[in-house]
Structure formats: C-alpha cells, structure tokens
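Working notes, structure below.
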Amino acid sequence: MHTAVEWKEGRLRLLNQTLLPVQTEYIECTDWQRVATAIQRLEVRGAPAIGAAAAFGLLLGAMEVTHTPDDFASKLFVIAEKLKATRPTAVNLFWAIDRMLRVWEQNQAKEVPGLIQAMEQEAIQIAAEDVQVNRRISVLGAQLFTAPASVLTHCNAGALATVGFGTALGVIRQAWSDGNIIRVFADETRPLLQGARLTAWELMQESIPVTLITDNMAGWVMKNNMVQAVIVGADRITLNGDVANKIGTYSVAVLAKEHRIPFYVAAPLSTFDFTKQTGDEIPIEERSAAEVTRLGGQPIAPAGVDVFNPAFDVTPNQLVTAIITEYGILRAPYDISIARIKKGGPE
Ligand SMILES: CSC[C@@H](O)[C@@H](O)C(=O)COP(=O)(O)O
C-alpha cells in the first residue's frame, strides 16, 4: 500500500496522484505554497488526505515565519485562509486547518519555536488519527457484509484518499480479507478518472478482484444482479445526513434505490459538517472546462463548447442506507443519529 501523505524530517511527501497509474512519483513540499498547489491540482486528493496535507501545509507556513509573535499570528491566519481557498467542498480541509489554529490559540503564550513544536505535534496527530479511524471504519463496515457479495464503488475512497487504509475501500479491504467480497466494480469516474486510475490500481496491487466500468454502465450492472451493495466515501455530510461526494455519486444512489441495492457511505467524523443542516448549504466546487473537453491532453469536444463541470454532487439522505463512521453505523433518522455522534459519543 502506498502512503499518500507522509511527514518526514520537516518535509511533506505527497504521492503525485495525477501521474498514477503510469508513474509513481513523490512531491517533496518544503513550503506551504507547494502544498496549496498540490491540493488545487489534485496531486493530493480525497477528503481526509486533503485535510492532513493542509495541516502540514499550515505547519510549513508557520515554520517560515520567524518574526515576533504578533507578526506570526497575522501571517499564520493569511496562510490558513489561502490554504482554505484551495478547494471548497471537502470539509476535512477546514476542519484540519481550524484544529491547527486552535493549537496556536492555546499556545499563544509560548515563543515561536514552542508554538511550532505544538503545531507539528498536532499535524502528526491529525495524520495518525486518520490511520486509526480508517481501521475502525473498516472493521465496523465489514460487519455489514455477512455473506460473499460483489460491490460497486465510485471515485476513490482508498488509501490514496486518506493517510491510512481508506474509508469505502478500507471496508472493502476488510470484508475481502473476511472472505465476503467476490468482486469490486469500479466506476471510472469522469472527468478525472479517479476510479480507473486510482481505485482499479489500488485494488489490483492487493489482488482484490476489480472490474472497471464506465460510469454509464452502473445501471446495467445492477439490472443484471452483478452487485449486491454500493459503498462510497464522502466529502461533506450535513446534520440531516445528506452526503456530498464525487460527481456521479447521486446518479449511482438513484440507481441503487431503483434496484433495491443498499447504498452505504463510509466517512470519518471529520467529514461531518455540524454547522450545516442540509446538503443545499454545501458549496460545490466547479472546475475547469478543460477537464471535460480534453482526455489525456487530447481534445474530445468542439473548441469553445459550453461546459458545466461540478466536481461533486449531493445525495439526499433518503437514498442512503447507512453511514459507517468510527463511532458506529448510522441509520435514518439521520438528524438523531448524527446529533448523537456530534457529541463525540458512540452511536
Ligand atoms: C475517503 S475520500 C472521500 C471523497 O473525498 C472521495 O470519494 C472523493 O470524492 C474525492 O474527490 P477528489 O476530487 O478526487 O478529491
């Protein structure tokens, strides 16, 4: 398993996911600007991985500032805002940066080196927690699979999208080792092909049987009883259980309902936005038209065509069979089950 985000000797090492599966190359980030660019370009992607990378990005920013404590604070806040502006949808980004800023607040009385040390510990802790949380989600989610089944997934919610094992793919990994996964159908996930490039690659590395399909084949695969469950990750979940995830997830959820197939979401507490009631309030990132009009650098549409390129969609709670978190498996009514985990307690 490759590590997507790694802190080593004062540098952030990111696996460059835009080059996969052709090349396995790492980016050594020594300044916060490079981390911001990596998030924007999707060199590091997936909600938990973005959160961890941003925490280290803010740390790198803090390490550059060696002036008076006042100056330190104002510069730190500017860097935090710039990092927050990289991508709008995955709430883990904001969650991780705010967590880092709280450490600054609590250690304000310290000299800059002491402050930086506290911030470094926090960033390392954010990354380490994600590894633990992935394992917990995987073990809990695997309990939903009591007999051998084939599953469909969308985008990539694996090791590449986290610091550890993955969320949706973590559950699949665990259920596979329990003998309960026959095959994984991976949607290619247009426009940036995270399913084809990343999920298929990750699963093949571990010899988990995977079949790649284009996004528009999911309905036919379900109609032919080729999958018994859908499992995906999430970028933001609101208090009512609405789920933002990679564009195309909503279509898969609608199809799953039509075919009476359970639709599971696996996500850590850091993906819940307790400040938002419904999915209507989630900012949806729109990305460049070139992602749709070009494939592998080649034009596949007439020059100048109008394009709509939302990177995410929102699946309404009534299409979600269960949400697997490190605190337990949540089911409807989600306003009640989510209110319970909001307090940090088990479901
Ligand atoms: C555990 S990752 C969950 C989500 O972040 C994932 O499904 C997803 O939509 C990633 O989108 P991306 O645009 O590749 O960052």
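Chain labels A, B, ... are given in the sequence in which chains occur in the structure tokens; within each chain residues are numbered consecutively from 1, and ligands are likewise numbered from 1 in the order shown.
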
Could you give me, as a Markdown table, every chain A residue with an atom at most 8 Å from ligand 1, plus its closest atom pair and distance in Å to one decimal, counting only C-alpha atoms and all ligand atoms, rows ordered by chain then number?
| residue | atom | partner | partner_atom_place_in_ligand_line | distance |
| --- | --- | --- | --- | --- |
| A:Leu42 | CA | ligand 1 | 15 (O) | 6.5 |
| A:Val44 | CA | ligand 1 | 15 (O) | 7.6 |
| A:Arg45 | CA | ligand 1 | 15 (O) | 4.0 |
| A:Gly46 | CA | ligand 1 | 5 (O) | 3.5 |
| A:Ala47 | CA | ligand 1 | 5 (O) | 3.8 |
| A:Pro48 | CA | ligand 1 | 1 (C) | 6.0 |
| A:Ala49 | CA | ligand 1 | 2 (S) | 7.6 |
| A:Ile50 | CA | ligand 1 | 15 (O) | 7.5 |
| A:Ala90 | CA | ligand 1 | 5 (O) | 6.6 |
| A:His154 | CA | ligand 1 | 7 (O) | 7.0 |
| A:Cys155 | CA | ligand 1 | 7 (O) | 5.3 |
| A:Asn156 | CA | ligand 1 | 7 (O) | 5.3 |
| A:Ala157 | CA | ligand 1 | 1 (C) | 3.7 |
| A:Gly158 | CA | ligand 1 | 1 (C) | 6.0 |
| A:Ala159 | CA | ligand 1 | 1 (C) | 8.0 |
| A:Ala161 | CA | ligand 1 | 2 (S) | 4.7 |
| A:Thr162 | CA | ligand 1 | 1 (C) | 5.8 |
| A:Gly166 | CA | ligand 1 | 1 (C) | 5.9 |
| A:Thr167 | CA | ligand 1 | 1 (C) | 5.1 |
| A:Ala168 | CA | ligand 1 | 1 (C) | 6.8 |
| A:Leu192 | CA | ligand 1 | 14 (O) | 7.8 |
| A:Gln194 | CA | ligand 1 | 14 (O) | 6.2 |
| A:Val232 | CA | ligand 1 | 7 (O) | 6.2 |
| A:Gly233 | CA | ligand 1 | 3 (C) | 4.0 |
| A:Ala234 | CA | ligand 1 | 3 (C) | 4.3 |
| A:Asp235 | CA | ligand 1 | 5 (O) | 4.6 |
| A:Ala244 | CA | ligand 1 | 9 (O) | 7.9 |
| A:Asn245 | CA | ligand 1 | 9 (O) | 4.5 |
| A:Lys246 | CA | ligand 1 | 9 (O) | 3.6 |
| A:Ile247 | CA | ligand 1 | 9 (O) | 7.3 |
| A:Ala266 | CA | ligand 1 | 1 (C) | 7.7 |
| A:Ala267 | CA | ligand 1 | 1 (C) | 6.7 |
| A:Ala311 | CA | ligand 1 | 13 (O) | 6.3 |
| A:Phe312 | CA | ligand 1 | 9 (O) | 6.8 |

Residues near range 78-84 of chain A, cut-off 12 Å, only C-alpha atoms, skip fewer than 4 positions along chain, as a PDB file with N, CA and C atoms, in the first residue's frame:
ATOM      1  N   ASP A  31       7.474  24.109   1.300  1.00  0.00           N
ATOM      2  CA  ASP A  31       6.776  25.347   1.658  1.00  0.00           C
ATOM      3  C   ASP A  31       5.267  25.167   1.481  1.00  0.00           C
ATOM      4  N   TRP A  32       4.500  26.046   2.147  1.00  0.00           N
ATOM      5  CA  TRP A  32       3.044  25.875   2.152  1.00  0.00           C
ATOM      6  C   TRP A  32       2.439  26.120   0.772  1.00  0.00           C
ATOM      7  N   GLN A  33       3.110  26.962  -0.029  1.00  0.00           N
ATOM      8  CA  GLN A  33       2.569  27.256  -1.371  1.00  0.00           C
ATOM      9  C   GLN A  33       2.520  25.989  -2.230  1.00  0.00           C
ATOM     10  N   ARG A  34       3.536  25.145  -2.077  1.00  0.00           N
ATOM     11  CA  ARG A  34       3.556  23.906  -2.884  1.00  0.00           C
ATOM     12  C   ARG A  34       2.437  22.960  -2.440  1.00  0.00           C
ATOM     13  N   VAL A  35       2.142  22.993  -1.148  1.00  0.00           N
ATOM     14  CA  VAL A  35       1.042  22.150  -0.640  1.00  0.00           C
ATOM     15  C   VAL A  35      -0.286  22.651  -1.213  1.00  0.00           C
ATOM     16  N   ALA A  36      -0.460  23.975  -1.206  1.00  0.00           N
ATOM     17  CA  ALA A  36      -1.701  24.562  -1.746  1.00  0.00           C
ATOM     18  C   ALA A  36      -1.873  24.186  -3.220  1.00  0.00           C
ATOM     19  N   THR A  37      -0.787  24.279  -3.964  1.00  0.00           N
ATOM     20  CA  THR A  37      -0.846  23.927  -5.387  1.00  0.00           C
ATOM     21  C   THR A  37      -1.184  22.442  -5.565  1.00  0.00           C
ATOM     22  N   ALA A  38      -0.598  21.615  -4.734  1.00  0.00           N
ATOM     23  CA  ALA A  38      -0.852  20.164  -4.837  1.00  0.00           C
ATOM     24  C   ALA A  38      -2.326  19.855  -4.569  1.00  0.00           C
ATOM     25  N   ILE A  39      -2.928  20.569  -3.634  1.00  0.00           N
ATOM     26  CA  ILE A  39      -4.355  20.342  -3.340  1.00  0.00           C
ATOM     27  C   ILE A  39      -5.192  20.807  -4.538  1.00  0.00           C
ATOM     28  N   GLN A  40      -4.876  21.988  -5.049  1.00  0.00           N
ATOM     29  CA  GLN A  40      -5.629  22.521  -6.190  1.00  0.00           C
ATOM     30  C   GLN A  40      -5.552  21.620  -7.421  1.00  0.00           C
ATOM     31  N   ILE A  50      -6.629  15.429   1.957  1.00  0.00           N
ATOM     32  CA  ILE A  50      -6.545  16.889   1.789  1.00  0.00           C
ATOM     33  C   ILE A  50      -6.410  17.550   3.174  1.00  0.00           C
ATOM     34  N   GLY A  51      -7.205  17.075   4.130  1.00  0.00           N
ATOM     35  CA  GLY A  51      -7.166  17.634   5.493  1.00  0.00           C
ATOM     36  C   GLY A  51      -5.774  17.500   6.098  1.00  0.00           C
ATOM     37  N   ALA A  52      -5.218  16.299   6.031  1.00  0.00           N
ATOM     38  CA  ALA A  52      -3.894  16.065   6.625  1.00  0.00           C
ATOM     39  C   ALA A  52      -2.833  16.896   5.905  1.00  0.00           C
ATOM     40  N   ALA A  53      -2.903  16.930   4.577  1.00  0.00           N
ATOM     41  CA  ALA A  53      -1.909  17.706   3.814  1.00  0.00           C
ATOM     42  C   ALA A  53      -1.989  19.186   4.188  1.00  0.00           C
ATOM     43  N   ALA A  54      -3.201  19.702   4.348  1.00  0.00           N
ATOM     44  CA  ALA A  54      -3.361  21.118   4.696  1.00  0.00           C
ATOM     45  C   ALA A  54      -2.807  21.413   6.087  1.00  0.00           C
ATOM     46  N   ALA A  55      -2.976  20.470   7.014  1.00  0.00           N
ATOM     47  CA  ALA A  55      -2.433  20.666   8.370  1.00  0.00           C
ATOM     48  C   ALA A  55      -0.911  20.815   8.291  1.00  0.00           C
ATOM     49  N   PHE A  56      -0.269  19.946   7.514  1.00  0.00           N
ATOM     50  CA  PHE A  56       1.190  20.050   7.359  1.00  0.00           C
ATOM     51  C   PHE A  56       1.555  21.298   6.561  1.00  0.00           C
ATOM     52  N   GLY A  57       0.686  21.677   5.637  1.00  0.00           N
ATOM     53  CA  GLY A  57       0.916  22.905   4.867  1.00  0.00           C
ATOM     54  C   GLY A  57       0.955  24.112   5.796  1.00  0.00           C
ATOM     55  N   LEU A  58       0.017  24.153   6.726  1.00  0.00           N
ATOM     56  CA  LEU A  58      -0.004  25.283   7.659  1.00  0.00           C
ATOM     57  C   LEU A  58       1.230  25.242   8.566  1.00  0.00           C
ATOM     58  N   LEU A  59       1.627  24.052   8.929  1.00  0.00           N
ATOM     59  CA  LEU A  59       2.849  23.911   9.732  1.00  0.00           C
ATOM     60  C   LEU A  59       4.060  24.450   8.962  1.00  0.00           C
ATOM     61  N   LEU A  60       4.166  24.086   7.685  1.00  0.00           N
ATOM     62  CA  LEU A  60       5.285  24.598   6.866  1.00  0.00           C
ATOM     63  C   LEU A  60       5.239  26.126   6.799  1.00  0.00           C
ATOM     64  N   GLY A  61       4.021  26.666   6.695  1.00  0.00           N
ATOM     65  CA  GLY A  61       3.857  28.124   6.697  1.00  0.00           C
ATOM     66  C   GLY A  61       4.343  28.727   8.011  1.00  0.00           C
ATOM     67  N   ALA A  62       3.979  28.080   9.107  1.00  0.00           N
ATOM     68  CA  ALA A  62       4.380  28.572  10.431  1.00  0.00           C
ATOM     69  C   ALA A  62       5.901  28.526  10.584  1.00  0.00           C
ATOM     70  N   MET A  63       6.507  27.485  10.011  1.00  0.00           N
ATOM     71  CA  MET A  63       7.964  27.327  10.141  1.00  0.00           C
ATOM     72  C   MET A  63       8.735  28.418   9.388  1.00  0.00           C
ATOM     73  N   GLU A  64       8.068  28.987   8.369  1.00  0.00           N
ATOM     74  CA  GLU A  64       8.722  30.059   7.595  1.00  0.00           C
ATOM     75  C   GLU A  64       8.728  31.383   8.346  1.00  0.00           C
ATOM     76  N   VAL A  65       7.769  31.528   9.265  1.00  0.00           N
ATOM     77  CA  VAL A  65       7.588  32.811   9.940  1.00  0.00           C
ATOM     78  C   VAL A  65       8.408  32.821  11.221  1.00  0.00           C
ATOM     79  N   ASP A  71       3.343  39.224  14.587  1.00  0.00           N
ATOM     80  CA  ASP A  71       3.553  39.043  13.168  1.00  0.00           C
ATOM     81  C   ASP A  71       3.230  37.594  12.796  1.00  0.00           C
ATOM     82  N   PHE A  72       3.665  36.697  13.664  1.00  0.00           N
ATOM     83  CA  PHE A  72       3.450  35.265  13.457  1.00  0.00           C
ATOM     84  C   PHE A  72       1.951  34.993  13.280  1.00  0.00           C
ATOM     85  N   ALA A  73       1.157  35.548  14.195  1.00  0.00           N
ATOM     86  CA  ALA A  73      -0.286  35.290  14.153  1.00  0.00           C
ATOM     87  C   ALA A  73      -0.901  35.810  12.858  1.00  0.00           C
ATOM     88  N   SER A  74      -0.588  37.045  12.495  1.00  0.00           N
ATOM     89  CA  SER A  74      -1.258  37.596  11.318  1.00  0.00           C
ATOM     90  C   SER A  74      -0.847  36.834  10.058  1.00  0.00           C
ATOM     91  N   PRO A  88     -13.278  23.961  -2.154  1.00  0.00           N
ATOM     92  CA  PRO A  88     -14.356  24.348  -1.230  1.00  0.00           C
ATOM     93  C   PRO A  88     -15.208  23.231  -0.620  1.00  0.00           C
ATOM     94  N   THR A  89     -15.179  22.021  -1.186  1.00  0.00           N
ATOM     95  CA  THR A  89     -16.237  21.074  -0.787  1.00  0.00           C
ATOM     96  C   THR A  89     -15.855  20.166   0.383  1.00  0.00           C
ATOM     97  N   ALA A  90     -14.677  19.557   0.335  1.00  0.00           N
ATOM     98  CA  ALA A  90     -14.314  18.619   1.408  1.00  0.00           C
ATOM     99  C   ALA A  90     -14.121  19.385   2.723  1.00  0.00           C
ATOM    100  N   VAL A  91     -14.967  19.080   3.694  1.00  0.00           N
ATOM    101  CA  VAL A  91     -14.932  19.858   4.939  1.00  0.00           C
ATOM    102  C   VAL A  91     -13.708  19.505   5.788  1.00  0.00           C
ATOM    103  N   ASN A  92     -13.095  18.359   5.513  1.00  0.00           N
ATOM    104  CA  ASN A  92     -11.894  17.951   6.258  1.00  0.00           C
ATOM    105  C   ASN A  92     -10.789  19.000   6.150  1.00  0.00           C
ATOM    106  N   LEU A  93     -10.757  19.709   5.021  1.00  0.00           N
ATOM    107  CA  LEU A  93      -9.751  20.761   4.825  1.00  0.00           C
ATOM    108  C   LEU A  93      -9.907  21.846   5.902  1.00  0.00           C
ATOM    109  N   PHE A  94     -11.135  22.296   6.085  1.00  0.00           N
ATOM    110  CA  PHE A  94     -11.420  23.375   7.041  1.00  0.00           C
ATOM    111  C   PHE A  94     -11.257  22.867   8.471  1.00  0.00           C
ATOM    112  N   TRP A  95     -11.726  21.646   8.684  1.00  0.00           N
ATOM    113  CA  TRP A  95     -11.646  21.003   9.997  1.00  0.00           C
ATOM    114  C   TRP A  95     -10.176  20.912  10.453  1.00  0.00           C
ATOM    115  N   ALA A  96      -9.293  20.481   9.548  1.00  0.00           N
ATOM    116  CA  ALA A  96      -7.874  20.293   9.922  1.00  0.00           C
ATOM    117  C   ALA A  96      -7.199  21.639  10.169  1.00  0.00           C
ATOM    118  N   ILE A  97      -7.482  22.611   9.319  1.00  0.00           N
ATOM    119  CA  ILE A  97      -6.828  23.916   9.495  1.00  0.00           C
ATOM    120  C   ILE A  97      -7.316  24.573  10.791  1.00  0.00           C
ATOM    121  N   ASP A  98      -8.622  24.479  11.051  1.00  0.00           N
ATOM    122  CA  ASP A  98      -9.147  25.079  12.296  1.00  0.00           C
ATOM    123  C   ASP A  98      -8.560  24.388  13.522  1.00  0.00           C
ATOM    124  N   ARG A  99      -8.347  23.092  13.420  1.00  0.00           N
ATOM    125  CA  ARG A  99      -7.743  22.357  14.530  1.00  0.00           C
ATOM    126  C   ARG A  99      -6.317  22.865  14.793  1.00  0.00           C
ATOM    127  N   MET A 100      -5.589  23.119  13.725  1.00  0.00           N
ATOM    128  CA  MET A 100      -4.225  23.656  13.844  1.00  0.00           C
ATOM    129  C   MET A 100      -4.259  25.073  14.446  1.00  0.00           C
ATOM    130  N   LEU A 101      -5.231  25.866  14.025  1.00  0.00           N
ATOM    131  CA  LEU A 101      -5.305  27.244  14.537  1.00  0.00           C
ATOM    132  C   LEU A 101      -5.664  27.252  16.022  1.00  0.00           C
ATOM    133  N   ARG A 102      -6.466  26.265  16.446  1.00  0.00           N
ATOM    134  CA  ARG A 102      -6.801  26.171  17.878  1.00  0.00           C
ATOM    135  C   ARG A 102      -5.550  25.900  18.697  1.00  0.00           C
ATOM    136  N   TRP A 104      -2.573  26.887  17.938  1.00  0.00           N
ATOM    137  CA  TRP A 104      -1.885  28.185  18.026  1.00  0.00           C
ATOM    138  C   TRP A 104      -2.499  29.019  19.153  1.00  0.00           C
TER     139      TRP A 104
END

For this session: Any chance you could list, as an NGL selection string, the residues in range 200-294 of chain A that come up strand (DSSP E or B) when DSSP is run on the backbone?
Result: :A and (210-213 or 229-232 or 236-237 or 243-246 or 263-266 or 272 or 286 or 294)

Problem set entry | Shell around Thr278 in chain A at 7 Å using only C-alpha atoms, local window under 5 positions removed, as a ChimeraX atom specification | /A:238-240,242

Problem set entry | Non-local contacts of Gln17 in chain A (10 Å; only C-alpha atoms; under 3 positions in same chain excluded) as a list of chain:residue names |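 These residues fall inside the cut-off: A:Ala4, A:Leu14, A:Leu20, A:Pro21, A:Val22, A:Gln23, A:Thr24, A:Glu25, A:Tyr26, A:Ile27, A:Ala38, A:Arg41, A:Leu42, A:Glu43, A:Val44, A:Arg45, A:Leu160, A:Ala161, A:Gln194, A:Arg197, A:Leu198.
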
For this session: DSSP on the backbone, then: every residue of range 36-227 of chain A marked helix (DSSP H, G or I), written as JSON, numbers by chain.
Result: {"A": [36, 37, 38, 39, 40, 41, 47, 48, 49, 50, 51, 52, 53, 54, 55, 56, 57, 58, 59, 60, 61, 62, 63, 64, 69, 70, 71, 72, 73, 74, 75, 76, 77, 78, 79, 80, 81, 82, 83, 84, 91, 92, 93, 94, 95, 96, 97, 98, 99, 100, 101, 102, 103, 104, 105, 106, 112, 113, 114, 115, 116, 117, 118, 119, 120, 121, 122, 123, 124, 125, 126, 127, 128, 129, 130, 131, 132, 133, 134, 135, 136, 137, 138, 139, 140, 141, 142, 159, 160, 161, 168, 169, 170, 171, 172, 173, 174, 175, 176, 177, 194, 195, 196, 197, 198, 199, 200, 201, 202, 203, 204, 205, 215, 216, 217, 218, 219, 220, 221, 222, 223]}

Exercise. Which neighbours of Ala322 in chain A fall inside 8 Å, counting only C-alpha atoms, when residues of the same chain fewer than 5 positions from it are skipped, and could you give them as an MDAnalysis selection string?
Worked result: chainID A and resid 263:265 329:332

Exercise. Could you work out how far CA of Val254 in chain A lies from CA of Glu281 in chain A, giving the answer in Å with one decimal?
Worked result: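 Interatomic distance, CA of Glu281 in chain A to CA of Val254 in chain A: 20.8 Å.
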
Exercise. Mind pulling up the distance from CA of Thr315 in chain A to CA of Ala127 in chain A?
Worked result: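 We find that CA of Ala127 in chain A and CA of Thr315 in chain A lie 27.7 Å from each other.
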
Exercise. Using only C-alpha atoms, which residues sit within 9 Å of Thr214 in chain A once same-chain residues fewer than 6 positions away are excluded, as a list in words?
Worked result: Ala186, Asp187, Glu188, Thr189, Arg190 and Ala196 of chain A

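Of note, CA of Thr30 in chain A and CA of Arg13 in chain A are spaced 9.0 Å apart.
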
Exercise. Taking only C-alpha atoms into account, which of A:Tyr327, A:Phe165, A:Trp220, A:Phe274 comes nearest Glu202 in chain A?
Worked result: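 Counting only C-alpha atoms, the residue closest to Glu202 in chain A is A:Phe165.
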